[in-house]
Amino acid sequence: MWDQLLNGLVIGNLYALTAIGITQIYGVAGVVNFAHGSVYMVGAYIGWMAIAWLHWPLVPAILLVLAGSAAIGLLVERAAVRPFARAGSTILLLTTIAAGLIMDNAAQIIWGPQTQALRSPLPQWQFKLGGGTVSFLDLFILAAGVGTALLLHLFLYRSRAGWAVRATAQDREAALQMGVDVNRVSSLSFAMAGAFAGLSGLLVGLYFNNIYPTMGASATLKGTTAALLGGLGNVPGAILGAYVLGITEAFSVEWLGSSFRNLMAIVLLIGVLIFRPNGLISARRALNPEPTAGTFIPHGRPLRFPRWLLPAVTVSAMALPLFLSNPYPLQVLAIAWVFGLMAVSLNLISGTTGQISLGHAGFVTLGAYASAILTSRLGLPFSLSLLVSPFLAAAIGVLLCYPALRLRGQYLAITTMGLGEAISLIALNWEGVTQGPLGISNIQPPGFFGYPIVSPAGMYLLAFAVLLIGVWVVHRLSRSHLGRALRAMREDEVAARAFGIGLARYKSIAFGVSAFFAAAAGVLLAHSYSYIAPDTFTFALSIQVLTMIILGGRDNAVGAVAGAVILIALPESIRFLGEFRFILYGLLLIGMLRFRPYGLFNSAT
Amino acid sequence: MILLSVRNVHKRFGGLHALRGVNLELEEGETVAIIGPNGAGKTTLFNLISCEDSPDEGEILLDGHRIDGLPAHLAAAHGLARTFQNGRVFGNLTVLENVLLGAHTRLHGLTDPGSRLAGSVLAALREIAWSIIQPRRFRRREAELTEEARDILSLFGERLIPRLHQPAYSLSYANRRRTELARALALRPKVLLLDEPTAGMNPTETEEMTEIIQTLQRRGQSMLLIEHKLDLVMAVADRVVALDAGEVLVSGRPEIVRSDPRLVEAYVGRRGAGHSVPDSAVTLQKQA
């Protein structure tokens, strides 16, 4: 009991160090900084280099970490936040995700993908306290957490710069008019938040004795959860949220098992988003003020092609297996078609309906597991499963998303990310049905009426056929009154609702149809890989698909498929790009949003 | 026949008592103008009637049915259409699409919300299926509505017809307001709620809008109108309700309300000192 409480407090302190940064950045820049965990990871590596390579004592190592990660925080602000300050918060969410993706993958290339041991240079003594054990490191972490919180409080409430930070957080425009240099405030906040994150990364590394390049993902998740628990933008709230999260986790690990640590965090995250989106300690928010006229963001329209072009491309794509003797390009293109299907389906949510979804991999996972279970346990043939599994997945998907559909913008985006994670965590923990971490293997190859499809040409044609159906359905929907209703919601939810468009119903429709085709893509992949596990389709996949539609152009089915082909085929055809694939995605995402936000296949007017 | 009635409605925002027992009635075919200084509670009242927000006390009836507290999209299905104070068109939809969207609730039962859970799921599935299949009567309905949308838009002469396929964000401010009104008319509302339809318009445009409102009146459209421009109010209103600080100050025929000293006081203040005088108050004084 005491041990758990103490453990929760120590972990809570570590979360607090990331959460205050996330909440402070939200206050100043209006975005949940998804690159924050990556800054934390880089901080851990800087500390590791200082301790393991340079054999520095802890205090100078910490100073180096603070300086280094502050610089990284600044870099994120300059490259991924400041140029997009006017583009709206959902765009900022994407650019910070891209910055995180670039850092995580650069770290894998620089320091290697393996876990590195980090031995604490602190004295190893410990003592008993009321039935629990307290180590020197525990005390050190507690001191670091409380000390940082105190320093931050003094800074915010006792210094002129802190005054400026608070003013900017309350009203950026007004602060600007009063002569506050909001850009400097923004830089300062990112630097401070970066320094705290880096320190937190180093301390977590010392606490668990190891660090690895993808450690940032869970820090972002935990920090965001804590910040949301406290109410975004509220610094003391974030600290409180971090303790709540740390202690909840410690006790659920004790009572339910260690694999429940992350599931509990996700449950808290989704719970707070749905039931108390303004945090545990704040009052209900009133109606949003009416926008003043002229705040439209032009979306661009699909480029017009000659009438014959698309049919011609389709026919040539179908005929391609006749002319190619080398199976490799067919395999690559088959994967591209499946990703094209995912992109077209995500486009319905993110392009047409204008809701950023970061959990598309969850729908893919649902489809893959549904089909794997239906075909291996219940002996359903593939042809039937290809139809039934997407229905099943769409139903479950809508059921899971439904409570979240009244959230908007970043809040919905974070919830979809949480739901995507939750789906793979459920697959991990529900061993009776999913075989847990082992995954499901020996999934039958796709086939119809007893004839299995195993040749690359067969897979290619199957994937292309399903893609064509998907594109056709989405195209019909998009041109009907339904497409109009979905776009109206994207443009102005209040006005759409005033004209009879029930937001929950129409968002459910968009998510349902989208989940259906994402799940169909999952079915195809599960049967062609013949093996799936809870981590087959991850957050990285969701981002990859999102990059495809931003590359191709939002609300443009042809662009989505083209984006998928480019992003799948390009790294395959240029060999040296393989290792840099995700860095390329990140750079593309930032570059496109900066220089051609309409995408390649949309034009400005 | 009384079409819309607002009975003893209260609304509080934290410590602010924005509406204190407002009563209002609208007869079929009638035009009632709501006037009052900034902060009087006019838009709050509109938000309550259009179910954008729900009252803390009191009730609102449309055609004998209580609508207060309904979700806004169901109020639309009951026959309420509104325009917004600053104009809220769908920027990336074309003018035609904007107007067609106004007819969303009229797609012959297709967009029924469905009453129970199973019903609403089935209705949604049916809506998806029909949108994909697009049976002939479905396309015919869409064509009819498109024709009707053109008719509505021709109310504005040559202002919008040539811009049918332009995205709404490319329109001038006045044209956006016109598009918004056309969208509201496409719902064929029992009651049309107009929130400052001529705000930000120049005198010629205001004159045009006045004529359009008069055309709608001749067609028997019932309207509730928030407006600051007294000329417009005098030209179109059958009755005027003056709000101040969340209460009905005066109501009655326009010429009677206009000359009521309490109204002048509400706008200008008892002595006039230390208060900024809104434009409309100046007009009001001149006319009084």
# chains A, B, ... in the order shown; residues from 1 in each chain; ligands from 1
$ residues_around --residues "region 141-156 of chain B" --least-positions-apart "4" --cutoff "7 Å" --atoms "only C-alpha atoms" --output "JSON, numbers by chain"
{"B": [96, 99, 100, 137, 160, 161, 182, 186]}
$ residues_around --residues "region 29-34 of chain A" --least-positions-apart "4" --cutoff "6 Å" --atoms "only C-alpha atoms" --output "PyMOL selection string"
chain A and resi 25+89+96-97
$ closest_residue --among "B:Val257, B:Leu225, B:Ala72, B:Leu122" --to "chain A" --atoms "only C-alpha atoms"
B:Ala72
$ interface_residues --of "chain B" --to "chain A" --cutoff "8 Å" --atoms "only C-alpha atoms" --output "ChimeraX atom specification"
/B:13,50,52-53,72-77,81-82,86-93,97,101-105,113,124,128,131-134,169,173,184,187
$ residues_around --residues "Phe537 (chain A)" --least-positions-apart "3" --cutoff "10 Å" --atoms "only C-alpha atoms" --output "NGL selection string"
:A and (360-366 or 368 or 420-421 or 424 or 522 or 532-534 or 540-542)
$ write_last_selection --atoms "C-alpha atoms" --output "mmCIF file, in the first residue's frame"
data_model
loop_
_atom_site.group_PDB
_atom_site.id
_atom_site.type_symbol
_atom_site.label_atom_id
_atom_site.label_comp_id
_atom_site.auth_asym_id
_atom_site.auth_seq_id
_atom_site.Cartn_x
_atom_site.Cartn_y
_atom_site.Cartn_z
ATOM 1 C CA HIS A 360 -7.171 5.087 -38.072
ATOM 2 C CA ALA A 361 -4.871 2.176 -37.268
ATOM 3 C CA GLY A 362 -7.454 1.152 -34.671
ATOM 4 C CA PHE A 363 -10.084 0.510 -37.356
ATOM 5 C CA VAL A 364 -7.517 -1.437 -39.409
ATOM 6 C CA THR A 365 -6.698 -3.513 -36.321
ATOM 7 C CA LEU A 366 -10.394 -4.159 -35.674
ATOM 8 C CA ALA A 368 -7.758 -7.577 -39.140
ATOM 9 C CA GLY A 420 -6.659 3.658 -31.498
ATOM 10 C CA GLU A 421 -4.227 2.825 -28.690
ATOM 11 C CA SER A 424 -4.485 -2.451 -29.611
ATOM 12 C CA GLY A 522 -7.072 -4.628 -42.360
ATOM 13 C CA ILE A 532 -1.181 -10.234 -36.879
ATOM 14 C CA ALA A 533 -0.287 -9.019 -33.415
ATOM 15 C CA PRO A 534 -1.476 -6.084 -31.275
ATOM 16 C CA ALA A 540 2.775 5.500 -36.930
ATOM 17 C CA LEU A 541 0.439 3.923 -39.497
ATOM 18 C CA SER A 542 -2.301 6.424 -38.641
#
$ residues_around --residues "Ala238 (chain A)" --least-positions-apart "6" --cutoff "8 Å" --atoms "only C-alpha atoms" --output "VMD selection string"
chain A and resid 16 19 to 20 23 226 to 232
$ write_last_selection --atoms "N, CA and C atoms" --output "PDB file, in the first residue's frame"
ATOM      1  N   ALA A  16       4.621  14.909 -14.043  1.00  0.00           N
ATOM      2  CA  ALA A  16       4.377  16.338 -13.850  1.00  0.00           C
ATOM      3  C   ALA A  16       5.371  17.168 -14.657  1.00  0.00           C
ATOM      4  N   ALA A  19       4.081  17.139 -18.058  1.00  0.00           N
ATOM      5  CA  ALA A  19       2.737  17.727 -18.167  1.00  0.00           C
ATOM      6  C   ALA A  19       2.773  19.248 -18.074  1.00  0.00           C
ATOM      7  N   ILE A  20       3.627  19.794 -17.203  1.00  0.00           N
ATOM      8  CA  ILE A  20       3.627  21.264 -17.099  1.00  0.00           C
ATOM      9  C   ILE A  20       4.095  21.886 -18.409  1.00  0.00           C
ATOM     10  N   THR A  23       1.126  21.676 -20.876  1.00  0.00           N
ATOM     11  CA  THR A  23       0.053  22.599 -20.540  1.00  0.00           C
ATOM     12  C   THR A  23       0.472  24.048 -20.790  1.00  0.00           C
ATOM     13  N   ALA A 226      -2.185  13.857 -18.149  1.00  0.00           N
ATOM     14  CA  ALA A 226      -2.096  14.622 -16.902  1.00  0.00           C
ATOM     15  C   ALA A 226      -2.548  16.062 -17.128  1.00  0.00           C
ATOM     16  N   ALA A 227      -2.100  16.645 -18.251  1.00  0.00           N
ATOM     17  CA  ALA A 227      -2.466  18.039 -18.537  1.00  0.00           C
ATOM     18  C   ALA A 227      -3.974  18.175 -18.731  1.00  0.00           C
ATOM     19  N   LEU A 228      -4.574  17.186 -19.394  1.00  0.00           N
ATOM     20  CA  LEU A 228      -6.027  17.231 -19.602  1.00  0.00           C
ATOM     21  C   LEU A 228      -6.775  17.044 -18.290  1.00  0.00           C
ATOM     22  N   LEU A 229      -6.245  16.155 -17.440  1.00  0.00           N
ATOM     23  CA  LEU A 229      -6.885  15.951 -16.136  1.00  0.00           C
ATOM     24  C   LEU A 229      -6.950  17.263 -15.368  1.00  0.00           C
ATOM     25  N   GLY A 230      -5.878  18.054 -15.492  1.00  0.00           N
ATOM     26  CA  GLY A 230      -5.839  19.309 -14.773  1.00  0.00           C
ATOM     27  C   GLY A 230      -6.523  20.446 -15.515  1.00  0.00           C
ATOM     28  N   GLY A 231      -6.898  20.193 -16.768  1.00  0.00           N
ATOM     29  CA  GLY A 231      -7.456  21.261 -17.608  1.00  0.00           C
ATOM     30  C   GLY A 231      -6.325  21.892 -18.406  1.00  0.00           C
ATOM     31  N   LEU A 232      -6.384  21.795 -19.747  1.00  0.00           N
ATOM     32  CA  LEU A 232      -5.275  22.294 -20.567  1.00  0.00           C
ATOM     33  C   LEU A 232      -5.027  23.777 -20.297  1.00  0.00           C
TER      34      LEU A 232
END
$ residues_around --residues "region 197-201 of chain B" --least-positions-apart "3" --cutoff "12 Å" --atoms "only C-alpha atoms" --output "ChimeraX atom specification"
/A:292-293 /B:33,82-88,172-182,184,192-194,204-213,223-233,280
$ write_last_selection --atoms "N, CA and C atoms" --output "compact mmCIF listing (two decimals), in the first residue's frame"
# COMPACT_ATOMS: atom_id res chain seq x y z
N THR A 292 -16.54 36.33 -35.98
CA THR A 292 -16.81 37.48 -36.84
C THR A 292 -16.61 37.03 -38.28
N ALA A 293 -17.16 37.78 -39.21
CA ALA A 293 -17.17 37.34 -40.60
C ALA A 293 -15.77 37.28 -41.18
N ALA B 33 -40.47 42.71 -34.77
CA ALA B 33 -39.07 43.14 -34.66
C ALA B 33 -38.69 43.23 -33.20
N ARG B 82 -32.89 30.09 -39.20
CA ARG B 82 -32.36 31.35 -38.71
C ARG B 82 -31.19 31.83 -39.56
N THR B 83 -30.92 33.10 -39.47
CA THR B 83 -29.65 33.62 -39.98
C THR B 83 -28.86 34.07 -38.76
N PHE B 84 -27.56 34.30 -38.96
CA PHE B 84 -26.69 34.63 -37.82
C PHE B 84 -26.24 36.08 -37.90
N GLN B 85 -25.90 36.60 -36.74
CA GLN B 85 -25.58 38.02 -36.64
C GLN B 85 -24.48 38.45 -37.60
N ASN B 86 -23.40 37.65 -37.68
CA ASN B 86 -22.31 38.05 -38.56
C ASN B 86 -22.28 37.27 -39.87
N GLY B 87 -23.30 36.46 -40.11
CA GLY B 87 -23.32 35.69 -41.34
C GLY B 87 -22.47 34.46 -41.20
N ARG B 88 -23.09 33.30 -41.26
CA ARG B 88 -22.31 32.06 -41.18
C ARG B 88 -22.66 31.21 -42.37
N SER B 172 -18.79 38.75 -51.67
CA SER B 172 -18.72 39.95 -50.85
C SER B 172 -19.53 39.71 -49.58
N TYR B 173 -19.32 40.57 -48.60
CA TYR B 173 -20.02 40.40 -47.33
C TYR B 173 -21.53 40.41 -47.52
N ALA B 174 -22.03 41.39 -48.29
CA ALA B 174 -23.47 41.49 -48.48
C ALA B 174 -24.02 40.26 -49.20
N ASN B 175 -23.25 39.75 -50.16
CA ASN B 175 -23.70 38.55 -50.87
C ASN B 175 -23.73 37.33 -49.97
N ARG B 176 -22.80 37.28 -49.01
CA ARG B 176 -22.83 36.17 -48.06
C ARG B 176 -24.10 36.23 -47.23
N ARG B 177 -24.46 37.46 -46.81
CA ARG B 177 -25.69 37.59 -46.03
C ARG B 177 -26.90 37.18 -46.86
N ARG B 178 -26.87 37.51 -48.15
CA ARG B 178 -27.98 37.12 -49.01
C ARG B 178 -28.04 35.61 -49.15
N THR B 179 -26.86 35.00 -49.34
CA THR B 179 -26.81 33.54 -49.45
C THR B 179 -27.39 32.90 -48.19
N GLU B 180 -27.05 33.50 -47.07
CA GLU B 180 -27.53 32.96 -45.80
C GLU B 180 -29.05 33.02 -45.73
N LEU B 181 -29.61 34.13 -46.17
CA LEU B 181 -31.07 34.26 -46.16
C LEU B 181 -31.70 33.25 -47.10
N ALA B 182 -31.07 33.08 -48.29
CA ALA B 182 -31.60 32.11 -49.26
C ALA B 182 -31.58 30.70 -48.65
N ALA B 184 -31.80 29.92 -45.53
CA ALA B 184 -32.86 29.81 -44.53
C ALA B 184 -34.21 29.62 -45.21
N LEU B 192 -39.24 32.33 -39.55
CA LEU B 192 -37.90 32.70 -40.00
C LEU B 192 -37.32 33.68 -38.99
N LEU B 193 -36.14 33.34 -38.48
CA LEU B 193 -35.49 34.21 -37.50
C LEU B 193 -34.35 34.94 -38.19
N LEU B 194 -34.45 36.27 -38.23
CA LEU B 194 -33.41 37.06 -38.91
C LEU B 194 -32.65 37.87 -37.86
N THR B 204 -28.03 51.46 -49.91
CA THR B 204 -28.67 50.82 -51.07
C THR B 204 -28.97 49.37 -50.76
N GLU B 205 -27.96 48.67 -50.20
CA GLU B 205 -28.14 47.25 -49.90
C GLU B 205 -29.23 47.06 -48.86
N THR B 206 -29.27 47.98 -47.88
CA THR B 206 -30.30 47.90 -46.85
C THR B 206 -31.68 48.06 -47.46
N GLU B 207 -31.78 49.01 -48.39
CA GLU B 207 -33.04 49.26 -49.08
C GLU B 207 -33.50 47.99 -49.83
N GLU B 208 -32.54 47.36 -50.51
CA GLU B 208 -32.83 46.11 -51.23
C GLU B 208 -33.35 45.04 -50.29
N MET B 209 -32.66 44.90 -49.16
CA MET B 209 -33.04 43.88 -48.19
C MET B 209 -34.43 44.17 -47.64
N THR B 210 -34.72 45.47 -47.42
CA THR B 210 -36.06 45.83 -46.94
C THR B 210 -37.12 45.36 -47.93
N GLU B 211 -36.85 45.59 -49.21
CA GLU B 211 -37.83 45.17 -50.21
C GLU B 211 -38.01 43.66 -50.21
N ILE B 212 -36.90 42.94 -50.05
CA ILE B 212 -37.00 41.48 -50.04
C ILE B 212 -37.81 41.00 -48.85
N ILE B 213 -37.57 41.63 -47.70
CA ILE B 213 -38.35 41.23 -46.53
C ILE B 213 -39.83 41.52 -46.76
N MET B 223 -42.15 36.07 -39.46
CA MET B 223 -40.74 36.42 -39.21
C MET B 223 -40.55 37.05 -37.85
N LEU B 224 -39.40 36.73 -37.27
CA LEU B 224 -38.95 37.40 -36.06
C LEU B 224 -37.62 38.03 -36.44
N LEU B 225 -37.47 39.30 -36.09
CA LEU B 225 -36.37 40.04 -36.68
C LEU B 225 -35.66 40.83 -35.59
N ILE B 226 -34.33 40.69 -35.52
CA ILE B 226 -33.57 41.59 -34.66
C ILE B 226 -33.01 42.67 -35.56
N GLU B 227 -33.17 43.91 -35.22
CA GLU B 227 -32.64 44.94 -36.11
C GLU B 227 -32.35 46.22 -35.33
N HIS B 228 -31.29 46.89 -35.74
CA HIS B 228 -30.94 48.17 -35.14
C HIS B 228 -31.42 49.35 -35.98
N LYS B 229 -31.57 49.09 -37.29
CA LYS B 229 -31.91 50.22 -38.16
C LYS B 229 -33.41 50.48 -38.08
N LEU B 230 -33.75 51.62 -37.48
CA LEU B 230 -35.14 51.92 -37.20
C LEU B 230 -35.97 52.08 -38.47
N ASP B 231 -35.34 52.58 -39.54
CA ASP B 231 -36.09 52.75 -40.79
C ASP B 231 -36.64 51.41 -41.27
N LEU B 232 -35.75 50.40 -41.20
CA LEU B 232 -36.15 49.06 -41.62
C LEU B 232 -37.27 48.54 -40.72
N VAL B 233 -37.10 48.71 -39.41
CA VAL B 233 -38.10 48.24 -38.46
C VAL B 233 -39.45 48.88 -38.76
N SER B 280 -28.02 53.96 -33.67
CA SER B 280 -29.46 53.78 -33.76
C SER B 280 -30.18 54.69 -32.77
$ atom_distance --atom1 "CA of Ser69 (chain A)" --atom2 "CA of Ala167 (chain A)"
25.1 Å
$ atom_distance --atom1 "CA of Val558 (chain A)" --atom2 "CA of Leu570 (chain A)"
17.7 Å
$ select_by_dssp --residues "region 54-118 of chain A" --states "alpha helix (DSSP H)" --output "PyMOL selection string"
chain A and resi 58-76+89-111
$ write_last_selection --atoms "C-alpha atoms" --output "PDB file, in the first residue's frame"
ATOM      1  CA  LEU A  58      25.076  13.909 -12.331  1.00  0.00           C
ATOM      2  CA  VAL A  59      24.792  17.654 -11.706  1.00  0.00           C
ATOM      3  CA  PRO A  60      26.738  18.852 -14.765  1.00  0.00           C
ATOM      4  CA  ALA A  61      24.991  16.156 -16.794  1.00  0.00           C
ATOM      5  CA  ILE A  62      21.647  17.593 -15.710  1.00  0.00           C
ATOM      6  CA  LEU A  63      22.763  21.097 -16.650  1.00  0.00           C
ATOM      7  CA  LEU A  64      23.779  19.834 -20.086  1.00  0.00           C
ATOM      8  CA  VAL A  65      20.405  18.101 -20.455  1.00  0.00           C
ATOM      9  CA  LEU A  66      18.542  21.279 -19.493  1.00  0.00           C
ATOM     10  CA  ALA A  67      20.481  23.367 -22.019  1.00  0.00           C
ATOM     11  CA  GLY A  68      20.350  20.758 -24.785  1.00  0.00           C
ATOM     12  CA  SER A  69      16.661  20.000 -24.521  1.00  0.00           C
ATOM     13  CA  ALA A  70      15.788  23.683 -24.209  1.00  0.00           C
ATOM     14  CA  ALA A  71      17.562  24.152 -27.540  1.00  0.00           C
ATOM     15  CA  ILE A  72      15.583  21.264 -29.059  1.00  0.00           C
ATOM     16  CA  GLY A  73      12.369  22.790 -27.722  1.00  0.00           C
ATOM     17  CA  LEU A  74      13.290  26.081 -29.386  1.00  0.00           C
ATOM     18  CA  LEU A  75      14.007  24.268 -32.626  1.00  0.00           C
ATOM     19  CA  VAL A  76      10.542  22.656 -32.562  1.00  0.00           C
ATOM     20  CA  SER A  89      -4.705  24.451 -34.084  1.00  0.00           C
ATOM     21  CA  THR A  90      -5.404  21.185 -35.904  1.00  0.00           C
ATOM     22  CA  ILE A  91      -2.687  22.016 -38.435  1.00  0.00           C
ATOM     23  CA  LEU A  92      -0.321  22.738 -35.544  1.00  0.00           C
ATOM     24  CA  LEU A  93      -1.170  19.366 -34.078  1.00  0.00           C
ATOM     25  CA  LEU A  94      -0.059  17.735 -37.330  1.00  0.00           C
ATOM     26  CA  THR A  95       3.157  19.730 -37.613  1.00  0.00           C
ATOM     27  CA  THR A  96       4.179  18.886 -34.051  1.00  0.00           C
ATOM     28  CA  ILE A  97       3.407  15.219 -34.715  1.00  0.00           C
ATOM     29  CA  ALA A  98       5.638  15.454 -37.779  1.00  0.00           C
ATOM     30  CA  ALA A  99       8.424  17.073 -35.755  1.00  0.00           C
ATOM     31  CA  GLY A 100       8.174  14.242 -33.227  1.00  0.00           C
ATOM     32  CA  LEU A 101       8.266  11.635 -35.972  1.00  0.00           C
ATOM     33  CA  ILE A 102      11.414  13.190 -37.423  1.00  0.00           C
ATOM     34  CA  MET A 103      13.162  13.302 -34.030  1.00  0.00           C
ATOM     35  CA  ASP A 104      12.206   9.750 -33.033  1.00  0.00           C
ATOM     36  CA  ASN A 105      13.501   8.308 -36.265  1.00  0.00           C
ATOM     37  CA  ALA A 106      16.603  10.488 -36.339  1.00  0.00           C
ATOM     38  CA  ALA A 107      17.370   9.174 -32.844  1.00  0.00           C
ATOM     39  CA  GLN A 108      17.100   5.596 -34.101  1.00  0.00           C
ATOM     40  CA  ILE A 109      19.603   6.372 -36.823  1.00  0.00           C
ATOM     41  CA  ILE A 110      22.000   8.300 -34.577  1.00  0.00           C
ATOM     42  CA  TRP A 111      21.917   6.177 -31.421  1.00  0.00           C
TER      43      TRP A 111
END
$ residues_around --residues "region 382-390 of chain A" --least-positions-apart "3" --cutoff "10 Å" --atoms "only C-alpha atoms" --output "PyMOL selection string"
chain A and resi 363-364+366-376+379+393-397+443-450+452+466+512-524+527
$ write_last_selection --atoms "C-alpha atoms" --output "mmCIF file, in the first residue's frame"
data_model
loop_
_atom_site.group_PDB
_atom_site.id
_atom_site.type_symbol
_atom_site.label_atom_id
_atom_site.label_comp_id
_atom_site.auth_asym_id
_atom_site.auth_seq_id
_atom_site.Cartn_x
_atom_site.Cartn_y
_atom_site.Cartn_z
ATOM 1 C CA PHE A 363 -10.084 0.510 -37.356
ATOM 2 C CA VAL A 364 -7.517 -1.437 -39.409
ATOM 3 C CA LEU A 366 -10.394 -4.159 -35.674
ATOM 4 C CA GLY A 367 -10.907 -5.452 -39.213
ATOM 5 C CA ALA A 368 -7.758 -7.577 -39.140
ATOM 6 C CA TYR A 369 -8.616 -9.199 -35.801
ATOM 7 C CA ALA A 370 -12.269 -9.690 -36.703
ATOM 8 C CA SER A 371 -11.340 -11.541 -39.846
ATOM 9 C CA ALA A 372 -8.519 -13.530 -38.237
ATOM 10 C CA ILE A 373 -10.866 -14.709 -35.489
ATOM 11 C CA LEU A 374 -13.832 -15.349 -37.791
ATOM 12 C CA THR A 375 -11.819 -17.392 -40.279
ATOM 13 C CA SER A 376 -9.625 -19.381 -37.885
ATOM 14 C CA GLY A 379 -14.163 -21.345 -40.066
ATOM 15 C CA ALA A 393 -15.495 -3.434 -37.231
ATOM 16 C CA ALA A 394 -17.567 -0.447 -38.337
ATOM 17 C CA ALA A 395 -20.196 -1.234 -35.714
ATOM 18 C CA ILE A 396 -17.620 -1.573 -32.931
ATOM 19 C CA GLY A 397 -15.728 1.445 -34.212
ATOM 20 C CA ILE A 443 -4.297 -16.928 -40.980
ATOM 21 C CA GLN A 444 -5.538 -18.505 -44.212
ATOM 22 C CA PRO A 445 -4.521 -16.801 -47.465
ATOM 23 C CA PRO A 446 -7.272 -14.870 -49.239
ATOM 24 C CA GLY A 447 -9.283 -16.877 -51.726
ATOM 25 C CA PHE A 448 -12.700 -17.354 -53.266
ATOM 26 C CA PHE A 449 -14.768 -20.549 -53.512
ATOM 27 C CA GLY A 450 -11.918 -22.770 -52.372
ATOM 28 C CA PRO A 452 -6.626 -19.524 -52.630
ATOM 29 C CA VAL A 466 -11.382 -3.655 -53.239
ATOM 30 C CA GLY A 512 -18.773 4.244 -39.797
ATOM 31 C CA VAL A 513 -18.197 4.254 -43.551
ATOM 32 C CA SER A 514 -14.573 5.164 -42.973
ATOM 33 C CA ALA A 515 -14.096 2.375 -40.423
ATOM 34 C CA PHE A 516 -15.732 -0.053 -42.846
ATOM 35 C CA PHE A 517 -13.126 0.473 -45.551
ATOM 36 C CA ALA A 518 -10.212 0.810 -43.137
ATOM 37 C CA ALA A 519 -11.282 -2.543 -41.727
ATOM 38 C CA ALA A 520 -11.480 -4.018 -45.227
ATOM 39 C CA ALA A 521 -7.869 -2.905 -45.667
ATOM 40 C CA GLY A 522 -7.072 -4.628 -42.360
ATOM 41 C CA VAL A 523 -8.712 -7.855 -43.565
ATOM 42 C CA LEU A 524 -6.627 -7.816 -46.750
ATOM 43 C CA HIS A 527 -4.713 -12.531 -44.762
#
$ closest_residue --among "A:Leu461, A:Leu240, A:Ala52, A:Ala217" --to "Leu322 (chain A)" --atoms "only C-alpha atoms"
A:Leu461
$ atom_distance --atom1 "CA of Asn7 (chain A)" --atom2 "CA of Leu268 (chain A)"
18.5 Å
$ select_by_dssp --residues "region 68-234 of chain B" --states "strand (DSSP E)" --output "number ranges by chain"
B: 80-82, 191-195, 222-226
$ residues_around --residues "Pro437 (chain A)" --least-positions-apart "3" --cutoff "10 Å" --atoms "only C-alpha atoms" --output "ChimeraX atom specification"
/A:425,427-431,434,440,532-535
$ closest_residue --among "B:Asn38, B:Ser54, B:Thr43, B:Thr215" --to "Asp244 (chain B)" --atoms "only C-alpha atoms"
B:Asn38
